[in-house]
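Raw final28.pdb, PDB, C-alpha atoms (C1' of nucleotides):
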ATOM      1  CA  MET A  13       3.610  15.776  19.382
ATOM      2  CA  SER A  14       2.251  15.659  22.727
ATOM      3  CA  ASN A  15       0.801  12.299  22.192
ATOM      4  CA  ALA A  16       0.524  10.522  18.912
ATOM      5  CA  LYS A  17      -1.982   7.773  18.494
ATOM      6  CA  PRO A  18      -1.088   4.797  20.625
ATOM      7  CA  LEU A  19      -3.047   2.401  18.477
ATOM      8  CA  PRO A  20      -3.982  -0.942  20.003
ATOM      9  CA  VAL A  21      -2.048  -2.757  17.424
ATOM     10  CA  ILE A  22       0.120  -5.584  18.383
ATOM     11  CA  PRO A  23      -1.640  -8.190  20.470
ATOM     12  CA  CYS A  24      -2.329  -9.723  17.151
ATOM     13  CA  CYS A  25      -3.520 -12.780  15.476
ATOM     14  CA  PRO A  26      -3.138 -16.543  15.483
ATOM     15  CA  PRO A  27      -0.605 -18.159  13.167
ATOM     16  CA  LEU A  28      -1.416 -17.652   9.526
ATOM     17  CA  THR A  29      -1.503 -21.377   8.927
ATOM     18  CA  GLU A  30      -3.813 -22.239  11.797
ATOM     19  CA  ARG A  31      -7.172 -20.840  10.804
ATOM     20  CA  PRO A  32      -8.496 -18.476   8.183
ATOM     21  CA  PHE A  33      -8.260 -14.991   9.563
ATOM     22  CA  THR A  34     -11.436 -13.220  10.502
ATOM     23  CA  ALA A  35     -12.084  -9.804   9.043
ATOM     24  CA  GLU A  36     -11.018  -8.217  12.295
ATOM     25  CA  GLU A  37      -7.789 -10.161  12.593
ATOM     26  CA  ALA A  38      -6.973  -9.418   8.987
ATOM     27  CA  GLU A  39      -7.545  -5.734   9.540
ATOM     28  CA  THR A  40      -5.161  -5.688  12.471
ATOM     29  CA  GLY A  41      -2.525  -7.877  10.893
ATOM     30  CA  ALA A  42      -2.613  -6.077   7.581
ATOM     31  CA  ARG A  43      -1.814  -2.834   9.345
ATOM     32  CA  MET A  44       1.537  -4.205  10.422
ATOM     33  CA  PHE A  45       2.357  -5.708   7.067
ATOM     34  CA  LYS A  46       1.309  -2.580   5.260
ATOM     35  CA  ALA A  47       3.567  -0.508   7.476
ATOM     36  CA  LEU A  48       6.513  -2.611   6.337
ATOM     37  CA  GLY A  49       5.274  -2.762   2.772
ATOM     38  CA  ASP A  50       7.214   0.269   1.640
ATOM     39  CA  PRO A  51      10.918   0.024   0.801
ATOM     40  CA  VAL A  52      11.789   3.212   2.639
ATOM     41  CA  ARG A  53       9.918   2.186   5.751
ATOM     42  CA  LEU A  54      11.405  -1.283   5.674
ATOM     43  CA  ARG A  55      14.882   0.210   5.485
ATOM     44  CA  LEU A  56      14.144   2.589   8.333
ATOM     45  CA  PHE A  57      12.736  -0.174  10.475
ATOM     46  CA  SER A  58      15.667  -2.433   9.720
ATOM     47  CA  ALA A  59      18.064   0.389  10.492
ATOM     48  CA  VAL A  60      16.481   0.942  13.881
ATOM     49  CA  ALA A  61      16.133  -2.748  14.642
ATOM     50  CA  SER A  62      19.734  -3.485  13.807
ATOM     51  CA  HIS A  63      21.107  -0.498  15.651
ATOM     52  CA  GLU A  64      22.862  -0.639  18.970
ATOM     53  CA  GLY A  65      20.335  -1.422  21.674
ATOM     54  CA  GLY A  66      17.425  -1.472  19.256
ATOM     55  CA  GLU A  67      17.235   2.282  19.126
ATOM     56  CA  ALA A  68      18.608   4.919  16.796
ATOM     57  CA  CYS A  69      18.657   8.652  16.325
ATOM     58  CA  VAL A  70      16.889   9.941  13.255
ATOM     59  CA  CYS A  71      20.122  11.539  12.111
ATOM     60  CA  ASP A  72      21.732   8.099  11.975
ATOM     61  CA  ILE A  73      19.162   6.488   9.743
ATOM     62  CA  SER A  74      17.958   9.300   7.498
ATOM     63  CA  ASP A  75      20.223   8.304   4.639
ATOM     64  CA  VAL A  76      17.723   6.331   2.638
ATOM     65  CA  GLY A  77      17.509   8.424  -0.497
ATOM     66  CA  VAL A  78      14.486  10.556   0.261
ATOM     67  CA  SER A  79      14.052  13.998   1.772
ATOM     68  CA  GLN A  80      13.944  14.453   5.492
ATOM     69  CA  PRO A  81      10.249  15.354   5.632
ATOM     70  CA  THR A  82       9.609  12.067   3.917
ATOM     71  CA  VAL A  83      11.737  10.221   6.438
ATOM     72  CA  SER A  84       9.813  11.846   9.251
ATOM     73  CA  HIS A  85       6.562  10.957   7.554
ATOM     74  CA  HIS A  86       7.498   7.293   7.320
ATOM     75  CA  LEU A  87       8.741   7.132  10.878
ATOM     76  CA  LYS A  88       5.409   8.527  11.953
ATOM     77  CA  LYS A  89       3.628   5.830  10.001
ATOM     78  CA  LEU A  90       5.733   3.159  11.666
ATOM     79  CA  LYS A  91       4.962   4.667  15.033
ATOM     80  CA  GLU A  92       1.260   4.799  14.285
ATOM     81  CA  ALA A  93       1.409   1.158  13.305
ATOM     82  CA  GLY A  94       2.842   0.348  16.698
ATOM     83  CA  LEU A  95       6.152  -0.891  15.344
ATOM     84  CA  LEU A  96       8.289   1.912  16.731
ATOM     85  CA  THR A  97       8.262   4.256  19.682
ATOM     86  CA  SER A  98       9.947   7.625  19.798
ATOM     87  CA  GLU A  99      11.610   9.526  22.587
ATOM     88  CA  ARG A 100      13.187  12.964  22.550
ATOM     89  CA  ARG A 101      16.495  13.244  24.364
ATOM     90  CA  GLY A 102      17.722  16.807  24.174
ATOM     91  CA  THR A 103      18.303  17.798  20.633
ATOM     92  CA  TRP A 104      17.809  14.397  19.124
ATOM     93  CA  VAL A 105      14.867  12.052  18.779
ATOM     94  CA  TYR A 106      15.454   8.356  19.209
ATOM     95  CA  TYR A 107      13.313   5.661  17.688
ATOM     96  CA  ARG A 108      13.091   2.243  19.249
ATOM     97  CA  VAL A 109      11.669  -1.066  18.116
ATOM     98  CA  GLU A 110       8.722  -2.288  20.074
ATOM     99  CA  PRO A 111      10.025  -5.682  21.198
ATOM    100  CA  SER A 112       6.689  -7.431  21.190
ATOM    101  CA  VAL A 113       6.324  -6.628  17.523
ATOM    102  CA  LEU A 114       8.914  -9.034  16.242
ATOM    103  CA  ALA A 115       7.626 -11.745  18.513
ATOM    104  CA  ALA A 116       4.077 -11.177  17.346
ATOM    105  CA  MET A 117       4.989 -11.255  13.694
ATOM    106  CA  GLY A 118       7.195 -14.269  14.204
ATOM    107  CA  SER A 119       4.435 -16.240  15.865
ATOM    108  CA  LEU A 120       2.098 -15.056  13.155
ATOM    109  CA  LEU A 121       4.197 -16.570  10.421
ATOM    110  CA  GLY A 122       5.849 -19.563  11.910
ATOM    111  CA  PRO A 123       4.582 -22.334  14.123
ATOM    112  CA  PRO A 124       3.909 -21.468  17.743
ATOM    113  CA  ALA A 125       7.643 -21.152  18.095
ATOM    114  CA  PRO A 126       8.699 -24.546  19.417
ATOM    115  CA  ARG A 127      12.119 -23.178  20.179
TER     116      ARG A 127
ATOM    117  CA  MET B  20      -2.120 -12.918 -20.117
ATOM    118  CA  SER B  21      -0.658 -16.171 -21.032
ATOM    119  CA  ASN B  22       2.517 -15.725 -19.144
ATOM    120  CA  ALA B  23       2.338 -14.485 -15.635
ATOM    121  CA  LYS B  24       5.419 -13.048 -14.071
ATOM    122  CA  PRO B  25       7.530 -15.649 -12.321
ATOM    123  CA  LEU B  26       9.190 -12.974 -10.246
ATOM    124  CA  PRO B  27      12.467 -13.827  -8.558
ATOM    125  CA  VAL B  28      10.922 -13.181  -5.289
ATOM    126  CA  ILE B  29      11.692 -15.171  -2.321
ATOM    127  CA  PRO B  30      15.364 -15.839  -1.768
ATOM    128  CA  CYS B  31      15.107 -12.759   0.319
ATOM    129  CA  CYS B  32      16.932 -10.793   2.820
ATOM    130  CA  PRO B  33      18.923 -11.206   6.009
ATOM    131  CA  PRO B  34      17.147 -10.928   9.333
ATOM    132  CA  LEU B  35      15.719  -7.489   9.948
ATOM    133  CA  THR B  36      17.750  -7.110  13.091
ATOM    134  CA  GLU B  37      21.088  -8.076  11.621
ATOM    135  CA  ARG B  38      22.005  -5.239   9.320
ATOM    136  CA  PRO B  39      20.263  -2.236   7.828
ATOM    137  CA  PHE B  40      18.642  -3.347   4.630
ATOM    138  CA  THR B  41      20.089  -2.159   1.395
ATOM    139  CA  ALA B  42      17.815  -0.458  -1.092
ATOM    140  CA  GLU B  43      17.654  -3.637  -3.105
ATOM    141  CA  GLU B  44      16.830  -5.885  -0.167
ATOM    142  CA  ALA B  45      14.201  -3.426   0.994
ATOM    143  CA  GLU B  46      12.623  -3.390  -2.434
ATOM    144  CA  THR B  47      12.362  -7.155  -2.471
ATOM    145  CA  GLY B  48      11.220  -7.519   1.104
ATOM    146  CA  ALA B  49       8.682  -4.738   0.883
ATOM    147  CA  ARG B  50       7.035  -6.496  -2.031
ATOM    148  CA  MET B  51       6.140  -9.419   0.202
ATOM    149  CA  PHE B  52       4.955  -7.262   3.060
ATOM    150  CA  LYS B  53       2.945  -5.057   0.774
ATOM    151  CA  ALA B  54       1.242  -8.089  -0.699
ATOM    152  CA  LEU B  55       0.055  -9.040   2.777
ATOM    153  CA  GLY B  56      -0.701  -5.444   3.701
ATOM    154  CA  ASP B  57      -4.284  -5.596   2.565
ATOM    155  CA  PRO B  58      -6.961  -7.158   4.781
ATOM    156  CA  VAL B  59      -8.569  -9.031   1.926
ATOM    157  CA  ARG B  60      -5.284 -10.443   0.696
ATOM    158  CA  LEU B  61      -4.241 -11.411   4.190
ATOM    159  CA  ARG B  62      -7.491 -13.269   4.656
ATOM    160  CA  LEU B  63      -7.105 -15.015   1.331
ATOM    161  CA  PHE B  64      -3.531 -15.982   2.083
ATOM    162  CA  SER B  65      -4.473 -17.240   5.514
ATOM    163  CA  ALA B  66      -7.362 -19.176   4.051
ATOM    164  CA  VAL B  67      -5.075 -20.920   1.580
ATOM    165  CA  ALA B  68      -2.302 -21.474   4.085
ATOM    166  CA  SER B  69      -4.623 -22.999   6.641
ATOM    167  CA  HIS B  70      -6.465 -25.172   4.159
ATOM    168  CA  GLU B  71      -6.017 -28.859   3.772
ATOM    169  CA  GLY B  72      -2.634 -29.552   2.229
ATOM    170  CA  GLY B  73      -1.811 -25.890   1.870
ATOM    171  CA  GLU B  74      -3.962 -25.489  -1.180
ATOM    172  CA  ALA B  75      -7.507 -24.334  -1.782
ATOM    173  CA  CYS B  76      -9.957 -23.820  -4.587
ATOM    174  CA  VAL B  77     -10.997 -20.273  -5.269
ATOM    175  CA  CYS B  78     -14.581 -21.226  -4.630
ATOM    176  CA  ASP B  79     -13.673 -22.241  -1.086
ATOM    177  CA  ILE B  80     -12.087 -18.975  -0.086
ATOM    178  CA  SER B  81     -14.004 -16.344  -2.023
ATOM    179  CA  ASP B  82     -16.213 -15.479   0.925
ATOM    180  CA  VAL B  83     -14.328 -12.458   2.149
ATOM    181  CA  GLY B  84     -16.863  -9.745   1.594
ATOM    182  CA  VAL B  85     -15.844  -8.499  -1.823
ATOM    183  CA  SER B  86     -16.925  -9.375  -5.340
ATOM    184  CA  GLN B  87     -15.392 -12.294  -7.149
ATOM    185  CA  PRO B  88     -13.467 -10.174  -9.647
ATOM    186  CA  THR B  89     -11.876  -8.472  -6.695
ATOM    187  CA  VAL B  90     -10.969 -11.808  -5.155
ATOM    188  CA  SER B  91      -9.354 -12.858  -8.391
ATOM    189  CA  HIS B  92      -7.499  -9.572  -8.563
ATOM    190  CA  HIS B  93      -6.036 -10.044  -5.106
ATOM    191  CA  LEU B  94      -5.073 -13.639  -5.758
ATOM    192  CA  LYS B  95      -3.239 -12.455  -8.825
ATOM    193  CA  LYS B  96      -1.391  -9.919  -6.742
ATOM    194  CA  LEU B  97      -0.381 -12.589  -4.257
ATOM    195  CA  LYS B  98       0.789 -14.765  -7.119
ATOM    196  CA  GLU B  99       2.793 -11.941  -8.639
ATOM    197  CA  ALA B 100       4.401 -11.370  -5.260
ATOM    198  CA  GLY B 101       5.506 -15.000  -5.258
ATOM    199  CA  LEU B 102       3.459 -15.940  -2.218
ATOM    200  CA  LEU B 103       1.039 -18.219  -4.015
ATOM    201  CA  THR B 104       1.046 -20.456  -7.040
ATOM    202  CA  SER B 105      -1.999 -21.444  -9.032
ATOM    203  CA  GLU B 106      -2.910 -24.577 -10.872
ATOM    204  CA  ARG B 107      -5.976 -25.347 -12.877
ATOM    205  CA  ARG B 108      -7.472 -28.782 -12.300
ATOM    206  CA  GLY B 109     -10.420 -29.235 -14.557
ATOM    207  CA  THR B 110     -13.091 -26.737 -13.750
ATOM    208  CA  TRP B 111     -11.495 -25.318 -10.651
ATOM    209  CA  VAL B 112      -8.339 -23.382  -9.969
ATOM    210  CA  TYR B 113      -6.346 -24.237  -6.888
ATOM    211  CA  TYR B 114      -4.052 -21.854  -5.118
ATOM    212  CA  ARG B 115      -1.153 -23.098  -3.072
ATOM    213  CA  VAL B 116       1.211 -21.462  -0.633
ATOM    214  CA  GLU B 117       4.794 -21.327  -1.765
ATOM    215  CA  PRO B 118       6.463 -23.170   1.125
ATOM    216  CA  SER B 119       9.682 -21.225   1.015
ATOM    217  CA  VAL B 120       7.760 -18.050   1.627
ATOM    218  CA  LEU B 121       6.883 -18.701   5.228
ATOM    219  CA  ALA B 122      10.407 -19.860   5.923
ATOM    220  CA  ALA B 123      11.865 -16.770   4.317
ATOM    221  CA  MET B 124       9.609 -14.401   6.207
ATOM    222  CA  GLY B 125      10.193 -16.271   9.423
ATOM    223  CA  SER B 126      13.937 -16.023   9.120
ATOM    224  CA  LEU B 127      13.530 -12.417   8.155
ATOM    225  CA  LEU B 128      11.725 -11.551  11.340
ATOM    226  CA  GLY B 129      12.973 -13.911  13.937
ATOM    227  CA  PRO B 130      16.444 -14.779  15.114
ATOM    228  CA  PRO B 131      18.574 -17.034  12.939
ATOM    229  CA  ALA B 132      17.021 -20.014  14.725
ATOM    230  CA  PRO B 133      16.168 -21.911  11.590
ATOM    231  CA  ARG B 134      14.123 -24.505  13.307
TER     232      ARG B 134
ATOM    233  C1'  DT C  26     -22.549 -28.544 -30.386
ATOM    234  C1'  DG C  27     -24.221 -25.868 -27.155
ATOM    235  C1'  DC C  28     -25.275 -24.577 -22.410
ATOM    236  C1'  DG C  29     -23.923 -23.699 -17.577
ATOM    237  C1'  DT C  30     -20.531 -22.913 -14.170
ATOM    238  C1'  DG C  31     -16.113 -21.249 -12.474
ATOM    239  C1'  DT C  32     -12.470 -17.878 -13.066
ATOM    240  C1'  DT C  33     -10.020 -14.107 -15.198
ATOM    241  C1'  DT C  34      -9.610  -9.755 -17.720
ATOM    242  C1'  DC C  35     -11.189  -5.049 -18.947
ATOM    243  C1'  DG C  36     -12.439  -0.291 -18.149
ATOM    244  C1'  DA C  37     -13.718   2.999 -14.955
ATOM    245  C1'  DC C  38     -14.269   5.378 -10.601
ATOM    246  C1'  DG C  39     -12.967   7.407  -6.069
ATOM    247  C1'  DT C  40      -9.572   6.943  -2.458
ATOM    248  C1'  DT C  41      -5.192   6.397  -0.463
ATOM    249  C1'  DC C  42      -0.250   6.781  -0.744
ATOM    250  C1'  DG C  43       4.581   8.609  -1.348
ATOM    251  C1'  DT C  44       6.972  12.500  -2.293
ATOM    252  C1'  DC C  45       8.464  17.203  -2.184
ATOM    253  C1'  DG C  46       9.352  22.341  -0.757
ATOM    254  C1'  DA C  47       8.190  25.545   2.578
ATOM    255  C1'  DT C  48       7.166  26.487   7.166
ATOM    256  C1'  DG C  49       6.915  25.840  12.238
ATOM    257  C1'  DG C  50       8.505  24.246  16.988
ATOM    258  C1'  DG C  51      12.171  22.678  20.295
ATOM    259  C1'  DC C  52      16.462  22.628  22.054
ATOM    260  C1'  DT C  53      21.583  24.130  22.434
ATOM    261  C1'  DG C  54      25.107  27.348  22.580
ATOM    262  C1'  DC C  55      26.945  31.850  21.819
TER     263       DC C  55
ATOM    264  C1'  DG D  24      18.043  37.389  23.090
ATOM    265  C1'  DC D  25      19.502  35.494  18.946
ATOM    266  C1'  DA D  26      21.389  32.283  15.587
ATOM    267  C1'  DG D  27      21.616  27.566  14.242
ATOM    268  C1'  DC D  28      20.619  22.750  14.105
ATOM    269  C1'  DC D  29      17.284  18.807  14.393
ATOM    270  C1'  DC D  30      12.898  17.154  13.613
ATOM    271  C1'  DA D  31       7.795  17.523  12.673
ATOM    272  C1'  DT D  32       3.862  19.448  10.279
ATOM    273  C1'  DC D  33       1.414  21.580   6.270
ATOM    274  C1'  DG D  34      -0.312  21.816   1.640
ATOM    275  C1'  DA D  35      -0.043  20.133  -2.860
ATOM    276  C1'  DC D  36       0.850  17.106  -6.633
ATOM    277  C1'  DG D  37       1.004  12.743  -9.482
ATOM    278  C1'  DA D  38       0.906   7.783  -9.094
ATOM    279  C1'  DA D  39      -0.726   3.604  -7.397
ATOM    280  C1'  DC D  40      -4.381   1.041  -5.177
ATOM    281  C1'  DG D  41      -8.992  -1.311  -4.164
ATOM    282  C1'  DT D  42     -13.315  -1.865  -5.794
ATOM    283  C1'  DC D  43     -17.053  -2.776  -8.890
ATOM    284  C1'  DG D  44     -20.045  -4.338 -13.136
ATOM    285  C1'  DA D  45     -19.722  -6.114 -17.594
ATOM    286  C1'  DA D  46     -17.652  -9.001 -20.650
ATOM    287  C1'  DA D  47     -14.501 -12.682 -22.092
ATOM    288  C1'  DC D  48     -12.250 -17.048 -21.460
ATOM    289  C1'  DA D  49     -11.860 -22.118 -20.003
ATOM    290  C1'  DC D  50     -13.731 -26.325 -18.939
ATOM    291  C1'  DG D  51     -17.146 -30.211 -18.250
ATOM    292  C1'  DC D  52     -21.314 -32.284 -19.394
ATOM    293  C1'  DA D  53     -25.584 -33.361 -21.700
TER     294       DA D  53
END
Would you kindly transcribe this structure into structure tokens?
Amino acid sequence: MSNAKPLPVIPCCPPLTERPFTAEEAETGARMFKALGDPVRLRLFSAVASHEGGEACVCDISDVGVSQPTVSHHLKKLKEAGLLTSERRGTWVYYRVEPSVLAAMGSLLGPPAPR
Amino acid sequence: MSNAKPLPVIPCCPPLTERPFTAEEAETGARMFKALGDPVRLRLFSAVASHEGGEACVCDISDVGVSQPTVSHHLKKLKEAGLLTSERRGTWVYYRVEPSVLAAMGSLLGPPAPR
DNA sequence: TGCGTGTTTCGACGTTCGTCGATGGGCTGC
DNA sequence: GCAGCCCATCGACGAACGTCGAAACACGCA
């Protein structure tokens, strides 16, 4: 896995309720939503996101009811979508949530985050 | 089909970063994400959400580069996912964003920070 | 009543997706 | 070096998806 595909993903779109999305914005935004649009991937992402420090070893989250090749396949999809990053540390591979992702999706849905 | 499917959709899940999703929560949540995981649907949803009063006639938003049957098909999918509701007013059919949806997805992504 | 317009449904096609078993590559420890 | 574990890739299969044209339905108006 020397280098996967970085994918320019996340500097995404305006809030959904601001303006109708252009074709380009929709293409980019839909990639993120589609990545989370599978139950297994959503569970994996949630497992990583809720794990200590926002990162988790594959062995800790692979109990989602599908075979391990399938888990690896979905993690790859999440990585390609720019939602996760992976890092090998010795024997194990750790997946980590890209922090900007949640912020981007949050601002996409809600108001400009008055906060 | 006379009766659409109401679908129990939106009283969805805890924040993604709180706890690993259960299979059931993931199934429910993924339905929403999957519905927005298509560029055409995302554009349609954004068009409705950003329209005056949160509702729009089909004729106002059907300019997304696909045929009208396809537009109707995607709107039906969004309705089945519980993201939109439809109402016929005379000749035209108006689609409206289910308000709880954005709140649910916002709380799903962001911190508890309700508002 | 009948026509025209707006919207949905139907049937079909090619493509993409999710899943698996088998295999390969990397690292640790004996 | 060799055995063993963890993870990724490969190849294949069935199912679901997105798209279209044609046809059907719903409504308003003359």
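Any residue of chain B with an atom within 12 Å of chain C counts; using all atoms listed in the file, that gives Met20, Ser21, Cys76, Val77, Cys78, Asp79, Ser81, Gln87, Pro88, Thr89, Val90, Ser91, His92, His93, Leu94, Lys95, Ser105, Glu106, Arg107, Arg108, Gly109, Thr110, Trp111, Val112 and Tyr113 of chain B.
Residues of chain D lying within 9 Å of chain B, counting only C-alpha atoms (C1' of nucleotides), are DG41, DT42, DC43, DA49, DC50 and DG51 of chain D.
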**Request:** Output the contact residues of chain B with respect to chain A at a cut-off of 9 Å, based on only C-alpha atoms, as a PyMOL selection string.
**Result:** chain B and resi 34-70+73+83-84+121-122+124-129+132+134
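Atom pair C1' of DC40 in chain D / CA of Glu99 in chain B: separated by 15.2 Å.
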**Atom pair CA of Arg115 in chain B / CA of Leu102 in chain B: separation (Å)** =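 Interatomic distance, CA of Arg115 in chain B to CA of Leu102 in chain B: 8.6 Å.
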**Request:** For CA of Ala100 in chain B and C1' of DG44 in chain D, determine how far apart the two atoms are, in Å to one decimal place.
**Result:** 26.6 Å
Block slice range 39-52 of chain C, N, CA and C atoms (P, O5', C5', C4', C3', O3' and C1' of nucleotides), emitted as a PDB file, in the first residue's frame:
ATOM      1  P    DG C  39     -27.365  -4.363 -22.162  1.00  0.00           P
ATOM      2  O5'  DG C  39     -26.541  -3.416 -21.175  1.00  0.00           O
ATOM      3  C5'  DG C  39     -26.122  -2.127 -21.615  1.00  0.00           C
ATOM      4  C4'  DG C  39     -25.465  -1.385 -20.475  1.00  0.00           C
ATOM      5  C3'  DG C  39     -24.143  -1.990 -19.979  1.00  0.00           C
ATOM      6  O3'  DG C  39     -23.182  -0.952 -19.807  1.00  0.00           O
ATOM      7  C1'  DG C  39     -25.670  -1.795 -18.178  1.00  0.00           C
ATOM      8  P    DT C  40     -21.696  -1.314 -19.213  1.00  0.00           P
ATOM      9  O5'  DT C  40     -21.742  -0.775 -17.720  1.00  0.00           O
ATOM     10  C5'  DT C  40     -22.292   0.517 -17.457  1.00  0.00           C
ATOM     11  C4'  DT C  40     -22.379   0.756 -15.968  1.00  0.00           C
ATOM     12  C3'  DT C  40     -21.091   0.449 -15.192  1.00  0.00           C
ATOM     13  O3'  DT C  40     -20.733   1.593 -14.444  1.00  0.00           O
ATOM     14  C1'  DT C  40     -22.968  -0.591 -14.174  1.00  0.00           C
ATOM     15  P    DT C  41     -19.262   1.612 -13.690  1.00  0.00           P
ATOM     16  O5'  DT C  41     -19.687   1.401 -12.162  1.00  0.00           O
ATOM     17  C5'  DT C  41     -20.695   2.213 -11.605  1.00  0.00           C
ATOM     18  C4'  DT C  41     -21.214   1.614 -10.309  1.00  0.00           C
ATOM     19  C3'  DT C  41     -20.117   1.290  -9.283  1.00  0.00           C
ATOM     20  O3'  DT C  41     -20.390   2.007  -8.090  1.00  0.00           O
ATOM     21  C1'  DT C  41     -21.645  -0.511  -9.515  1.00  0.00           C
ATOM     22  P    DC C  42     -19.420   1.862  -6.813  1.00  0.00           P
ATOM     23  O5'  DC C  42     -20.152   0.719  -5.963  1.00  0.00           O
ATOM     24  C5'  DC C  42     -21.532   0.891  -5.666  1.00  0.00           C
ATOM     25  C4'  DC C  42     -22.024  -0.265  -4.831  1.00  0.00           C
ATOM     26  C3'  DC C  42     -21.084  -0.661  -3.689  1.00  0.00           C
ATOM     27  O3'  DC C  42     -21.815  -0.693  -2.475  1.00  0.00           O
ATOM     28  C1'  DC C  42     -21.666  -2.560  -4.994  1.00  0.00           C
ATOM     29  P    DG C  43     -21.017  -0.809  -1.081  1.00  0.00           P
ATOM     30  O5'  DG C  43     -21.251  -2.326  -0.657  1.00  0.00           O
ATOM     31  C5'  DG C  43     -22.571  -2.777  -0.435  1.00  0.00           C
ATOM     32  C4'  DG C  43     -22.574  -4.252  -0.116  1.00  0.00           C
ATOM     33  C3'  DG C  43     -21.584  -4.669   0.979  1.00  0.00           C
ATOM     34  O3'  DG C  43     -22.225  -5.585   1.853  1.00  0.00           O
ATOM     35  C1'  DG C  43     -21.131  -5.872  -1.018  1.00  0.00           C
ATOM     36  P    DT C  44     -21.504  -6.078   3.181  1.00  0.00           P
ATOM     37  O5'  DT C  44     -20.932  -7.504   2.775  1.00  0.00           O
ATOM     38  C5'  DT C  44     -21.835  -8.565   2.477  1.00  0.00           C
ATOM     39  C4'  DT C  44     -21.143  -9.693   1.764  1.00  0.00           C
ATOM     40  C3'  DT C  44     -19.899 -10.242   2.452  1.00  0.00           C
ATOM     41  O3'  DT C  44     -20.283 -11.232   3.383  1.00  0.00           O
ATOM     42  C1'  DT C  44     -19.702 -10.183   0.037  1.00  0.00           C
ATOM     43  P    DC C  45     -19.179 -11.852   4.382  1.00  0.00           P
ATOM     44  O5'  DC C  45     -18.481 -12.985   3.497  1.00  0.00           O
ATOM     45  C5'  DC C  45     -19.278 -14.012   2.925  1.00  0.00           C
ATOM     46  C4'  DC C  45     -18.502 -14.756   1.866  1.00  0.00           C
ATOM     47  C3'  DC C  45     -17.201 -15.354   2.369  1.00  0.00           C
ATOM     48  O3'  DC C  45     -17.397 -16.732   2.684  1.00  0.00           O
ATOM     49  C1'  DC C  45     -16.941 -14.270   0.220  1.00  0.00           C
ATOM     50  P    DG C  46     -16.233 -17.435   3.549  1.00  0.00           P
ATOM     51  O5'  DG C  46     -15.254 -17.983   2.413  1.00  0.00           O
ATOM     52  C5'  DG C  46     -15.740 -18.912   1.437  1.00  0.00           C
ATOM     53  C4'  DG C  46     -14.643 -19.244   0.432  1.00  0.00           C
ATOM     54  C3'  DG C  46     -13.373 -19.833   1.039  1.00  0.00           C
ATOM     55  O3'  DG C  46     -12.861 -20.860   0.187  1.00  0.00           O
ATOM     56  C1'  DG C  46     -12.849 -17.792  -0.038  1.00  0.00           C
ATOM     57  P    DA C  47     -11.539 -21.664   0.629  1.00  0.00           P
ATOM     58  O5'  DA C  47     -10.373 -20.941  -0.208  1.00  0.00           O
ATOM     59  C5'  DA C  47     -10.541 -20.783  -1.611  1.00  0.00           C
ATOM     60  C4'  DA C  47      -9.368 -20.014  -2.200  1.00  0.00           C
ATOM     61  C3'  DA C  47      -7.991 -20.438  -1.681  1.00  0.00           C
ATOM     62  O3'  DA C  47      -7.083 -20.543  -2.767  1.00  0.00           O
ATOM     63  C1'  DA C  47      -8.282 -18.120  -1.370  1.00  0.00           C
ATOM     64  P    DT C  48      -5.608 -21.060  -2.499  1.00  0.00           P
ATOM     65  O5'  DT C  48      -4.735 -19.733  -2.608  1.00  0.00           O
ATOM     66  C5'  DT C  48      -4.919 -18.866  -3.718  1.00  0.00           C
ATOM     67  C4'  DT C  48      -4.233 -17.527  -3.475  1.00  0.00           C
ATOM     68  C3'  DT C  48      -2.771 -17.622  -3.021  1.00  0.00           C
ATOM     69  O3'  DT C  48      -1.957 -16.900  -3.926  1.00  0.00           O
ATOM     70  C1'  DT C  48      -3.970 -16.057  -1.739  1.00  0.00           C
ATOM     71  P    DG C  49      -0.351 -16.984  -3.773  1.00  0.00           P
ATOM     72  O5'  DG C  49       0.035 -15.533  -3.236  1.00  0.00           O
ATOM     73  C5'  DG C  49      -0.358 -14.375  -3.956  1.00  0.00           C
ATOM     74  C4'  DG C  49      -0.046 -13.121  -3.155  1.00  0.00           C
ATOM     75  C3'  DG C  49       1.391 -13.053  -2.611  1.00  0.00           C
ATOM     76  O3'  DG C  49       1.905 -11.747  -2.808  1.00  0.00           O
ATOM     77  C1'  DG C  49      -0.164 -12.747  -0.866  1.00  0.00           C
ATOM     78  P    DG C  50       3.475 -11.461  -2.594  1.00  0.00           P
ATOM     79  O5'  DG C  50       3.477  -9.979  -1.977  1.00  0.00           O
ATOM     80  C5'  DG C  50       2.295  -9.472  -1.356  1.00  0.00           C
ATOM     81  C4'  DG C  50       2.623  -8.555  -0.212  1.00  0.00           C
ATOM     82  C3'  DG C  50       4.087  -8.500   0.213  1.00  0.00           C
ATOM     83  O3'  DG C  50       4.320  -7.239   0.818  1.00  0.00           O
ATOM     84  C1'  DG C  50       2.836  -9.467   1.940  1.00  0.00           C
ATOM     85  P    DG C  51       5.814  -6.762   1.274  1.00  0.00           P
ATOM     86  O5'  DG C  51       5.550  -6.125   2.727  1.00  0.00           O
ATOM     87  C5'  DG C  51       4.384  -6.537   3.446  1.00  0.00           C
ATOM     88  C4'  DG C  51       4.372  -5.964   4.836  1.00  0.00           C
ATOM     89  C3'  DG C  51       5.745  -5.778   5.483  1.00  0.00           C
ATOM     90  O3'  DG C  51       5.630  -4.867   6.577  1.00  0.00           O
ATOM     91  C1'  DG C  51       4.659  -7.655   6.438  1.00  0.00           C
ATOM     92  P    DC C  52       6.991  -4.252   7.291  1.00  0.00           P
ATOM     93  O5'  DC C  52       7.006  -4.962   8.715  1.00  0.00           O
ATOM     94  C5'  DC C  52       5.966  -4.671   9.664  1.00  0.00           C
ATOM     95  C4'  DC C  52       5.867  -5.774  10.688  1.00  0.00           C
ATOM     96  C3'  DC C  52       7.146  -6.015  11.497  1.00  0.00           C
ATOM     97  O3'  DC C  52       6.954  -5.551  12.835  1.00  0.00           O
ATOM     98  C1'  DC C  52       6.072  -8.059  10.837  1.00  0.00           C
TER      99       DC C  52
END
